[in-house]
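Enquirer: Sending over input.cif (mmCIF, C-alpha atoms).
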data_upload
loop_
_atom_site.label_atom_id
_atom_site.label_comp_id
_atom_site.auth_asym_id
_atom_site.auth_seq_id
_atom_site.Cartn_x
_atom_site.Cartn_y
_atom_site.Cartn_z
CA MET M 16 -101.08 -254.69 110.35
CA LEU M 17 -98.48 -255.35 112.97
CA ARG M 18 -97.80 -251.65 113.28
CA HIS M 19 -101.50 -251.01 113.85
CA ILE M 20 -101.67 -253.68 116.59
CA ALA M 21 -98.56 -252.30 118.27
CA LEU M 22 -99.98 -248.78 118.22
CA ILE M 23 -103.23 -249.98 119.77
CA ILE M 24 -101.34 -251.84 122.51
CA LEU M 25 -99.16 -248.79 123.23
CA LEU M 26 -102.13 -246.45 123.48
CA THR M 27 -103.92 -248.88 125.78
CA ALA M 28 -100.90 -249.09 128.10
CA VAL M 29 -100.54 -245.32 128.21
CA SER M 30 -104.24 -244.94 129.01
CA LEU M 31 -104.04 -247.48 131.83
CA ALA M 32 -100.97 -245.77 133.29
CA ALA M 33 -102.67 -242.40 133.13
CA GLY M 34 -105.78 -243.81 134.78
CA VAL M 35 -103.76 -245.34 137.61
CA ALA M 36 -101.89 -242.09 138.10
CA MET M 37 -105.15 -240.18 138.38
CA VAL M 38 -106.52 -242.41 141.14
CA PRO M 39 -106.14 -240.35 144.38
CA GLY M 40 -103.85 -241.71 147.07
CA GLU M 41 -104.74 -242.04 150.72
CA ARG M 42 -103.64 -238.51 151.52
CA GLU M 43 -105.61 -237.02 148.64
CA GLN M 44 -108.66 -239.07 149.62
CA TRP M 45 -108.95 -237.81 153.21
CA THR M 46 -107.97 -234.30 152.15
CA MET M 47 -110.85 -234.19 149.65
CA LEU M 48 -113.25 -235.67 152.21
CA VAL M 49 -112.32 -232.99 154.76
CA ARG M 50 -112.59 -230.28 152.11
CA ASP M 51 -116.05 -231.48 151.09
CA GLY M 52 -117.27 -231.63 154.69
CA ARG M 53 -117.70 -235.41 154.69
CA ASN M 54 -116.33 -235.67 158.17
CA GLN M 55 -117.51 -239.17 159.06
CA GLU M 56 -115.84 -240.64 155.99
CA ALA M 57 -112.72 -238.52 156.58
CA LEU M 58 -112.56 -239.77 160.17
CA ARG M 59 -112.74 -243.41 159.07
CA ALA M 60 -110.02 -242.83 156.48
CA LEU M 61 -107.73 -241.10 158.94
CA GLU M 62 -108.32 -243.75 161.62
CA ALA M 63 -107.37 -246.47 159.17
CA ARG M 64 -104.27 -244.55 158.16
CA TYR M 65 -103.35 -243.92 161.80
CA ARG M 66 -103.66 -247.63 162.69
CA LYS M 67 -101.31 -248.46 159.82
CA GLY M 68 -98.70 -246.11 161.26
CA GLY M 69 -99.39 -243.11 159.07
CA ARG M 70 -98.71 -240.39 161.61
CA GLU M 71 -97.75 -237.37 159.57
CA VAL M 72 -98.26 -234.16 161.52
CA ASP M 73 -101.09 -232.77 159.36
CA ALA M 74 -102.93 -236.12 159.35
CA VAL M 75 -102.69 -236.43 163.15
CA LEU M 76 -103.89 -232.87 163.67
CA HIS M 77 -106.85 -233.37 161.34
CA LEU M 78 -107.71 -236.61 163.15
CA TYR M 79 -107.57 -234.77 166.49
CA LYS M 80 -109.79 -231.97 165.19
CA LEU M 81 -112.35 -234.45 163.90
CA TYR M 82 -112.47 -236.25 167.26
CA MET M 83 -113.02 -232.91 169.00
CA SER M 84 -115.73 -231.94 166.51
CA PHE M 85 -117.58 -235.15 167.43
CA ALA M 86 -116.92 -234.51 171.16
CA ASP M 87 -114.90 -237.72 171.46
CA ILE M 88 -112.66 -236.30 174.19
CA ASP M 89 -111.02 -239.57 175.21
CA GLN M 90 -109.88 -240.38 171.69
CA ALA M 91 -108.73 -236.82 171.07
CA THR M 92 -106.69 -236.92 174.31
CA ARG M 93 -105.16 -240.26 173.38
CA VAL M 94 -104.12 -238.98 169.95
CA MET M 95 -102.48 -235.85 171.41
CA GLN M 96 -100.68 -237.84 174.12
CA GLU M 97 -99.31 -240.24 171.51
CA PHE M 98 -98.34 -237.29 169.32
CA VAL M 99 -96.25 -235.87 172.19
CA ALA M 100 -94.75 -239.31 172.83
CA ASP M 101 -93.70 -239.45 169.17
CA HIS M 102 -92.13 -235.95 169.43
CA PRO M 103 -90.71 -235.83 173.01
CA ASP M 104 -88.46 -232.82 172.38
CA ASN M 105 -90.80 -230.74 170.25
CA PRO M 106 -92.11 -227.65 172.11
CA ALA M 107 -94.96 -227.24 169.61
CA ALA M 108 -96.28 -230.71 170.49
CA PHE M 109 -96.31 -229.90 174.22
CA THR M 110 -97.95 -226.55 173.50
CA LEU M 111 -100.77 -228.29 171.63
CA LEU M 112 -101.23 -230.84 174.41
CA ALA M 113 -101.32 -228.12 177.09
CA ARG M 114 -103.88 -226.19 175.04
CA HIS M 115 -105.97 -229.36 174.71
CA TYR M 116 -105.94 -229.90 178.48
CA GLY M 117 -106.95 -226.28 178.92
CA ASP M 118 -109.84 -226.73 176.49
CA ILE M 119 -111.16 -229.75 178.39
CA GLN M 120 -110.51 -227.99 181.75
CA ASP M 121 -108.05 -230.57 183.09
CA LYS M 122 -105.97 -228.02 185.00
CA GLN M 123 -103.61 -230.42 186.73
CA ALA M 124 -102.65 -232.10 183.46
CA GLU M 125 -102.28 -228.70 181.80
CA ILE M 126 -99.84 -227.53 184.49
CA ARG M 127 -97.79 -230.74 184.31
CA THR M 128 -97.52 -230.28 180.56
CA LEU M 129 -96.58 -226.60 180.90
CA GLU M 130 -93.89 -227.50 183.44
CA ARG M 131 -92.45 -230.04 181.00
CA LEU M 132 -92.68 -227.46 178.20
CA PHE M 133 -90.75 -224.93 180.31
CA GLU M 134 -88.05 -227.52 180.96
CA ILE M 135 -87.40 -228.18 177.27
CA SER M 136 -88.08 -224.65 175.99
CA PRO M 137 -88.18 -221.89 178.64
CA SER M 138 -90.29 -218.90 177.63
CA LEU M 139 -91.86 -215.92 179.38
CA GLN M 140 -95.36 -216.86 178.23
CA THR M 141 -95.11 -220.35 179.75
CA ALA M 142 -93.64 -218.86 182.93
CA ARG M 143 -96.51 -216.36 183.18
CA ASP M 144 -99.07 -219.16 182.85
CA LEU M 145 -97.36 -221.21 185.52
CA LEU M 146 -96.93 -218.29 187.91
CA ALA M 147 -100.59 -217.32 187.57
CA TYR M 148 -101.61 -220.88 188.45
CA TYR M 149 -99.19 -221.17 191.39
CA ARG M 150 -100.43 -217.90 192.89
CA LEU M 151 -104.06 -218.84 192.41
CA GLU M 152 -103.54 -222.20 194.10
CA GLY M 153 -101.30 -220.81 196.85
CA ALA M 154 -98.36 -222.95 195.71
CA PHE M 155 -95.84 -220.33 196.82
CA ASP M 156 -92.93 -222.76 197.12
CA ARG M 157 -93.32 -223.70 193.45
CA GLU M 158 -93.68 -220.02 192.55
CA GLU M 159 -90.46 -219.20 194.38
CA GLY M 160 -88.63 -222.04 192.62
CA LEU M 161 -89.76 -220.83 189.20
CA LEU M 162 -88.86 -217.22 190.02
CA ARG M 163 -85.38 -218.33 191.06
CA THR M 164 -85.00 -220.13 187.74
CA LEU M 165 -86.12 -217.05 185.83
CA LEU M 166 -83.65 -214.92 187.77
CA ALA M 167 -80.78 -217.33 187.11
CA ASN M 168 -81.61 -217.36 183.39
CA GLN M 169 -81.89 -213.55 183.22
CA MET M 170 -85.50 -213.94 182.07
CA ILE M 171 -87.24 -212.40 185.06
CA THR M 172 -89.41 -209.30 184.70
CA ALA M 173 -89.13 -206.27 186.97
CA ASN M 174 -92.38 -207.09 188.81
CA ASP M 175 -91.34 -210.68 189.42
CA ALA M 176 -87.82 -209.71 190.49
CA GLU M 177 -89.29 -207.30 193.03
CA ARG M 178 -91.72 -209.93 194.30
CA LEU M 179 -88.99 -212.56 194.60
CA GLY M 180 -86.74 -210.15 196.46
CA LEU M 181 -89.46 -209.26 198.96
CA ILE M 182 -90.32 -212.95 199.46
CA LEU M 183 -86.70 -213.93 200.09
CA ALA M 184 -86.15 -210.99 202.40
CA ALA M 185 -89.20 -212.04 204.43
CA HIS M 186 -87.80 -215.58 204.62
CA GLY M 187 -84.42 -214.31 205.83
CA ASP M 188 -82.52 -215.18 202.64
CA LEU M 189 -80.81 -211.79 202.46
CA PHE M 190 -78.25 -212.67 199.81
CA GLY M 191 -80.91 -214.16 197.55
CA ALA M 192 -83.02 -211.06 198.14
CA ARG M 193 -80.03 -208.87 197.26
CA ASP M 194 -79.57 -210.66 193.91
CA ALA M 195 -83.26 -210.43 193.03
CA LEU M 196 -83.64 -206.79 194.05
CA THR M 197 -80.39 -205.82 192.31
CA ARG M 198 -81.82 -207.26 189.11
CA PHE M 199 -85.01 -205.32 189.76
CA ASP M 200 -82.99 -202.13 190.17
CA GLU M 201 -81.26 -202.78 186.84
CA ILE M 202 -84.40 -203.26 184.75
CA ALA M 203 -87.25 -201.46 186.52
CA ASN M 204 -88.66 -198.05 185.69
CA PRO M 205 -86.62 -195.44 187.61
CA GLU M 206 -89.75 -194.23 189.43
CA ARG M 207 -90.29 -197.58 191.16
CA SER M 208 -89.41 -197.18 194.83
CA ILE M 209 -90.66 -200.10 196.96
CA GLY M 210 -88.18 -202.65 195.66
CA ARG M 211 -85.31 -200.15 195.80
CA LEU M 212 -86.06 -199.18 199.40
CA ALA M 213 -86.09 -202.89 200.22
CA LEU M 214 -82.75 -203.33 198.42
CA PHE M 215 -81.25 -200.51 200.50
CA ASP M 216 -82.42 -202.20 203.69
CA VAL M 217 -81.08 -205.61 202.57
CA LEU M 218 -77.68 -204.19 201.67
CA VAL M 219 -77.46 -202.53 205.08
CA GLN M 220 -78.42 -205.76 206.82
CA ILE M 221 -75.72 -207.79 205.07
CA GLY M 222 -73.15 -205.13 205.98
CA ASP M 223 -72.65 -203.54 202.56
CA LYS M 224 -73.44 -200.01 203.69
CA THR M 225 -71.24 -198.34 201.07
CA ALA M 226 -73.12 -200.01 198.22
CA ALA M 227 -76.42 -199.14 199.88
CA LEU M 228 -75.54 -195.47 200.15
CA ASN M 229 -74.14 -195.24 196.63
CA ARG M 230 -77.23 -196.83 195.14
CA ALA M 231 -79.46 -194.58 197.21
CA ALA M 232 -77.61 -191.53 195.95
CA SER M 233 -78.22 -192.68 192.36
CA TRP M 234 -81.97 -192.95 193.02
CA ILE M 235 -82.58 -189.88 195.10
CA GLY M 236 -82.07 -187.23 192.42
CA TYR M 237 -84.64 -188.75 190.09
CA TRP M 238 -87.15 -189.38 192.88
CA HIS M 239 -86.85 -185.82 194.10
CA LYS M 240 -87.41 -184.46 190.60
CA ALA M 241 -90.36 -186.81 190.06
CA SER M 242 -91.92 -185.71 193.36
CA ILE M 243 -91.84 -182.08 192.20
CA HIS M 244 -93.83 -182.94 189.07
CA ARG M 245 -96.29 -185.18 190.95
CA GLY M 246 -97.07 -182.63 193.62
CA ALA M 247 -97.80 -183.24 197.29
CA GLU M 248 -98.12 -186.80 198.56
CA SER M 249 -98.38 -188.38 201.98
CA GLU M 250 -94.64 -189.07 201.82
CA VAL M 251 -92.41 -188.98 198.79
CA PRO M 252 -89.88 -191.85 198.45
CA SER M 253 -86.90 -189.45 198.40
CA ALA M 254 -87.83 -188.14 201.86
CA ARG M 255 -87.94 -191.60 203.36
CA LEU M 256 -84.72 -192.59 201.61
CA ILE M 257 -82.85 -189.56 202.96
CA ARG M 258 -83.89 -190.47 206.51
CA MET M 259 -82.75 -194.07 205.95
CA MET M 260 -79.38 -192.87 204.61
CA MET M 261 -78.84 -190.53 207.55
CA THR M 262 -79.59 -193.36 209.95
CA VAL M 263 -76.97 -195.60 208.36
CA ASP M 264 -74.10 -193.10 208.08
CA GLU M 265 -74.90 -189.42 208.53
CA ARG M 266 -71.55 -188.09 207.34
CA ALA M 267 -71.39 -190.20 204.18
CA ALA M 268 -75.05 -189.50 203.47
CA ARG M 269 -74.49 -185.73 203.67
CA ARG M 270 -71.58 -185.93 201.24
CA LEU M 271 -73.42 -188.10 198.71
CA ILE M 272 -76.63 -186.10 198.80
CA CYS M 273 -74.74 -182.82 198.44
CA GLU M 274 -73.02 -184.27 195.37
CA VAL M 275 -76.42 -185.11 193.94
CA GLN M 276 -77.58 -181.54 194.60
CA ARG M 277 -74.50 -180.06 192.92
CA ASN M 278 -74.86 -182.33 189.89
CA ALA M 279 -78.53 -181.40 189.60
CA ALA M 280 -77.64 -177.70 189.74
CA ALA M 281 -75.08 -178.13 186.97
CA ALA M 282 -77.38 -180.14 184.69
CA PRO M 283 -79.62 -178.56 182.03
CA ARG M 284 -83.04 -177.74 183.51
CA ASP M 285 -86.64 -177.68 182.30
CA GLU M 286 -88.78 -174.66 183.03
CA SER M 287 -90.68 -176.65 185.65
CA ASP M 288 -87.51 -177.54 187.60
CA GLU M 289 -86.56 -175.81 190.82
CA PRO M 290 -83.97 -173.00 190.46
CA PRO M 291 -80.41 -174.16 191.17
CA ASN M 292 -78.75 -173.46 194.50
CA ASP M 293 -75.32 -172.05 193.73
CA GLY M 294 -74.43 -171.48 197.35
CA PRO M 295 -73.12 -173.90 199.96
CA CYS M 296 -74.90 -177.25 200.12
CA GLU M 297 -77.57 -177.07 202.80
CA LEU M 298 -78.84 -180.58 203.29
CA LYS M 299 -82.38 -180.88 204.64
CA VAL M 300 -83.84 -184.05 206.05
CA PRO M 301 -87.59 -184.21 205.40
CA GLY M 302 -89.82 -185.49 208.11
CA PRO M 303 -92.71 -187.89 207.46
CA ASP M 304 -94.95 -184.92 206.66
CA GLY M 305 -92.52 -183.69 203.98
CA ASP M 306 -91.20 -180.66 205.92
CA GLY M 307 -87.42 -180.35 205.95
CA ASN M 308 -85.13 -179.64 208.86
CA ALA M 309 -81.63 -178.31 208.26
CA VAL M 310 -79.03 -180.91 209.00
CA THR M 311 -77.56 -178.86 211.84
CA ASN M 312 -80.88 -179.13 213.64
CA ILE M 313 -81.73 -182.71 212.72
CA GLU M 314 -83.29 -184.91 215.36
CA PRO M 315 -82.10 -188.53 215.36
CA ARG M 316 -84.68 -190.73 213.64
CA ASP M 317 -84.83 -194.35 212.58
CA GLU M 318 -85.56 -195.51 209.02
CA PHE M 319 -89.31 -195.15 209.60
CA GLY M 320 -89.05 -191.49 210.67
CA ARG M 321 -89.56 -192.18 214.35
CA ARG M 322 -87.49 -190.20 216.90
CA ARG M 323 -84.63 -192.17 218.35
CA ARG M 324 -84.18 -192.22 222.11
CA ARG M 325 -80.98 -190.54 223.17
#
Please render this file's structure as structure tokens.
Expert:
Amino acid sequence: MLRHIALIILLTAVSLAAGVAMVPGEREQWTMLVRDGRNQEALRALEARYRKGGREVDAVLHLYKLYMSFADIDQATRVMQEFVADHPDNPAAFTLLARHYGDIQDKQAEIRTLERLFEISPSLQTARDLLAYYRLEGAFDREEGLLRTLLANQMITANDAERLGLILAAHGDLFGARDALTRFDEIANPERSIGRLALFDVLVQIGDKTAALNRAASWIGYWHKASIHRGAESEVPSARLIRMMMTVDERAARRLICEVQRNAAAAPRDESDEPPNDGPCELKVPGPDGDGNAVTNIEPRDEFGRRRRR
């Protein structure tokens, strides 16, 4: 008899324990409500959990999504701001907040958030977003500051390095322009000419003529070859560069350009390349129209191809 009573009591206790274990917890409750599309009930459950301090990442994000689904922008903004405050060094939190501001078209708040995001986790995507905004709003001082940061961190793209160099050169910061345009020269496609011509001019202005001529000699062979494949243009970059070199130091320019010609003659050639010149180096200085004059008959010209007064 006693054994029977004890067995009944044991089975009852096990059943009660199993029943308690099967009752869903708070997390399971709101998860099931969201899954079943009972959004109003899920919102109330998540709000109650949030007020009690339950701020797990998935719960907060579901609460935010529910507020947005009901167009409760103020509450959604508050939740995201508090989420960032709870995770002040988490780039993902700032990314979500910036995206939220973008969704509600609060541009100023979005930019402030992106600037903070760039401070804690610099990235090219964040920089591109900020640069696009600065240029659209005409905030060129902030653009320049960001470009300088990108240059210092070796994160700058070729286009931005060229732009920064041209901006600094226009402002008279020749050494800053030299650094930016040198970086451009290192990473840009070899066909790009505007930034390299500007770098040549900057190097000459700061008195580093040797570096200017040596860099020009490294560019000129490729530009000349590229101009052959492109065909006639109003003025090929190699023609302008040769005139600039001759203006700076005619003797050194002749020597460097002749070395380029000899190296090109010795290199393997494609069928479309010009035939090599095995004879003495006859340097020609193209005019603005592309016609060349032998160096013995060259007329003094400035870097823009205009005749110098004797």
Enquirer: Looking at only C-alpha atoms, which of M:Leu81, M:Ala203, M:Leu256, M:Val75 is the one that sits closest to M:Glu56?
Expert: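 Of all the options, M:Leu81 lies closest to M:Glu56.
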Enquirer: Record the distance separating atom CA of M:Pro252 and atom CA of M:Trp238, expressed in Å with one decimal.
Expert: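 Between atom CA of M:Pro252 and atom CA of M:Trp238 the gap is 6.7 Å.
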Enquirer: Mind pulling up the distance from atom CA of M:Gln169 to atom CA of M:Ser253?
Expert: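 Here the two named atoms are 28.9 Å from each other.
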Enquirer: Smallest atom-to-atom distance to M:Arg211: which of M:Gln140, M:Thr225, M:Ser233, M:Thr92, using all atoms listed in the file?
Expert: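 The shortest atom-to-atom distance to M:Arg211 comes from M:Ser233.
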Enquirer: Can you list what the PyMOL selection byres ((chain M and resi 98-111) around 7) grabs from this structure, as a list in words?
Expert: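 Selection result, ordered by chain and number: Val94, Met95, Gln96, Glu97, Leu112, Ala113, Arg114, His115, Thr128, Leu132, Ile135 and Ser136 of chain M.
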Enquirer: Go ahead and save the picked residues with C-alpha atoms, as a short mmCIF file (atom, residue, chain, number, x, y, z; two decimals), in the coordinates of the input.
Expert:
data_model
loop_
_atom_site.label_atom_id
_atom_site.label_comp_id
_atom_site.auth_asym_id
_atom_site.auth_seq_id
_atom_site.Cartn_x
_atom_site.Cartn_y
_atom_site.Cartn_z
CA VAL M 94 -104.12 -238.98 169.95
CA MET M 95 -102.48 -235.85 171.41
CA GLN M 96 -100.68 -237.84 174.12
CA GLU M 97 -99.31 -240.24 171.51
CA LEU M 112 -101.23 -230.84 174.41
CA ALA M 113 -101.32 -228.12 177.09
CA ARG M 114 -103.88 -226.19 175.04
CA HIS M 115 -105.97 -229.36 174.71
CA THR M 128 -97.52 -230.28 180.56
CA LEU M 132 -92.68 -227.46 178.20
CA ILE M 135 -87.40 -228.18 177.27
CA SER M 136 -88.08 -224.65 175.99
#
Enquirer: Neighbouring residues of stretch 141-153 of chain M were defined as those with any atom within 7 Å, considering only C-alpha atoms; residues of the same chain fewer than 5 positions away were excluded. Please report them as a PyMOL selection string.
Expert: chain M and resi 126+129+133+158
Enquirer: Let me make sure I understand: among M:Met260, M:Leu161, M:Glu201, M:Asp188, which one has the smallest atom-to-atom distance to M:Val219 if we use all atoms listed in the file?
Expert: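 Closest to M:Val219, using all atoms listed in the file: M:Met260.
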Enquirer: Using only C-alpha atoms for the distances, tell me which of M:Asp121, M:Glu274, M:Glu134, M:Asp200 is nearest to M:Asn174.
Expert: M:Asp200
Enquirer: Can you tell me how far atom CA of M:Ala176 sits from atom CA of M:Phe199, in Å to one decimal?
Expert: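 Computed distance, atom CA of M:Ala176 to atom CA of M:Phe199, equals 5.3 Å.
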Enquirer: Might you pull out every residue within 8 Å of M:Leu179, with all atoms listed in the file counted and same-chain residues fewer than 3 positions away left off, and present them as a list in words?
Expert: Glu159, Leu162, Arg163, Asp175, Ala176, Ile182, Leu183, Ala192, Ala195 and Leu196 of chain M
Enquirer: Please expand the PyMOL selection byres ((chain M and resi 80) around 12) into the concrete residues it hits in this file, giving the result as an MDAnalysis selection string.
Expert: chainID M and resid 49 54 57:58 61 73:79 81:88 90:92 94:95 111 115
Enquirer: Between M:Val72, M:Val217, M:Leu189, M:Arg178, which has the minimum distance to M:Phe155 (counting only C-alpha atoms)?
Expert: M:Arg178
Enquirer: As a check of understanding, name the residues that the PyMOL selection byres ((chain M and resi 275) around 8) selects in the supplied structure, as number ranges by chain.
Expert: M: 232-233, 235-236, 271-274, 276-279
Enquirer: Can you work out which one of M:Thr172, M:Ala213, M:Asp264, M:Ala63 has the shortest atom-to-atom distance to M:Ala184, counting only C-alpha atoms?
Expert: M:Ala213
Enquirer: Starting from the incomplete input, reconstruct N, CA and C atoms of stretch 217-230 of chain M and report them as an mmCIF file, keeping the file's coordinate frame.
Expert:
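Saved the output as selection23.cif:
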data_model
loop_
_atom_site.group_PDB
_atom_site.id
_atom_site.type_symbol
_atom_site.label_atom_id
_atom_site.label_comp_id
_atom_site.auth_asym_id
_atom_site.auth_seq_id
_atom_site.Cartn_x
_atom_site.Cartn_y
_atom_site.Cartn_z
ATOM 1 N N VAL M 217 -81.780 -204.322 202.635
ATOM 2 C CA VAL M 217 -81.080 -205.610 202.570
ATOM 3 C C VAL M 217 -79.573 -205.400 202.543
ATOM 4 N N LEU M 218 -79.116 -204.452 201.742
ATOM 5 C CA LEU M 218 -77.680 -204.190 201.670
ATOM 6 C C LEU M 218 -77.134 -203.755 203.028
ATOM 7 N N VAL M 219 -77.893 -202.951 203.746
ATOM 8 C CA VAL M 219 -77.460 -202.530 205.080
ATOM 9 C C VAL M 219 -77.392 -203.734 206.012
ATOM 10 N N GLN M 220 -78.384 -204.612 205.919
ATOM 11 C CA GLN M 220 -78.420 -205.760 206.820
ATOM 12 C C GLN M 220 -77.273 -206.733 206.578
ATOM 13 N N ILE M 221 -76.828 -206.871 205.336
ATOM 14 C CA ILE M 221 -75.720 -207.790 205.070
ATOM 15 C C ILE M 221 -74.366 -207.095 205.248
ATOM 16 N N GLY M 222 -74.386 -205.832 205.663
ATOM 17 C CA GLY M 222 -73.150 -205.130 205.980
ATOM 18 C C GLY M 222 -72.534 -204.361 204.836
ATOM 19 N N ASP M 223 -73.197 -204.268 203.710
ATOM 20 C CA ASP M 223 -72.650 -203.540 202.560
ATOM 21 C C ASP M 223 -73.227 -202.122 202.538
ATOM 22 N N LYS M 224 -72.860 -201.340 203.536
ATOM 23 C CA LYS M 224 -73.440 -200.010 203.690
ATOM 24 C C LYS M 224 -72.984 -199.059 202.583
ATOM 25 N N THR M 225 -71.748 -199.220 202.130
ATOM 26 C CA THR M 225 -71.240 -198.340 201.070
ATOM 27 C C THR M 225 -72.056 -198.511 199.795
ATOM 28 N N ALA M 226 -72.306 -199.765 199.417
ATOM 29 C CA ALA M 226 -73.120 -200.010 198.220
ATOM 30 C C ALA M 226 -74.529 -199.478 198.405
ATOM 31 N N ALA M 227 -75.071 -199.632 199.611
ATOM 32 C CA ALA M 227 -76.420 -199.140 199.880
ATOM 33 C C ALA M 227 -76.485 -197.626 199.698
ATOM 34 N N LEU M 228 -75.532 -196.926 200.245
ATOM 35 C CA LEU M 228 -75.540 -195.470 200.150
ATOM 36 C C LEU M 228 -75.307 -194.990 198.723
ATOM 37 N N ASN M 229 -74.404 -195.650 198.016
ATOM 38 C CA ASN M 229 -74.140 -195.240 196.630
ATOM 39 C C ASN M 229 -75.354 -195.465 195.744
ATOM 40 N N ARG M 230 -76.016 -196.591 195.927
ATOM 41 C CA ARG M 230 -77.230 -196.830 195.140
ATOM 42 C C ARG M 230 -78.310 -195.811 195.506
#
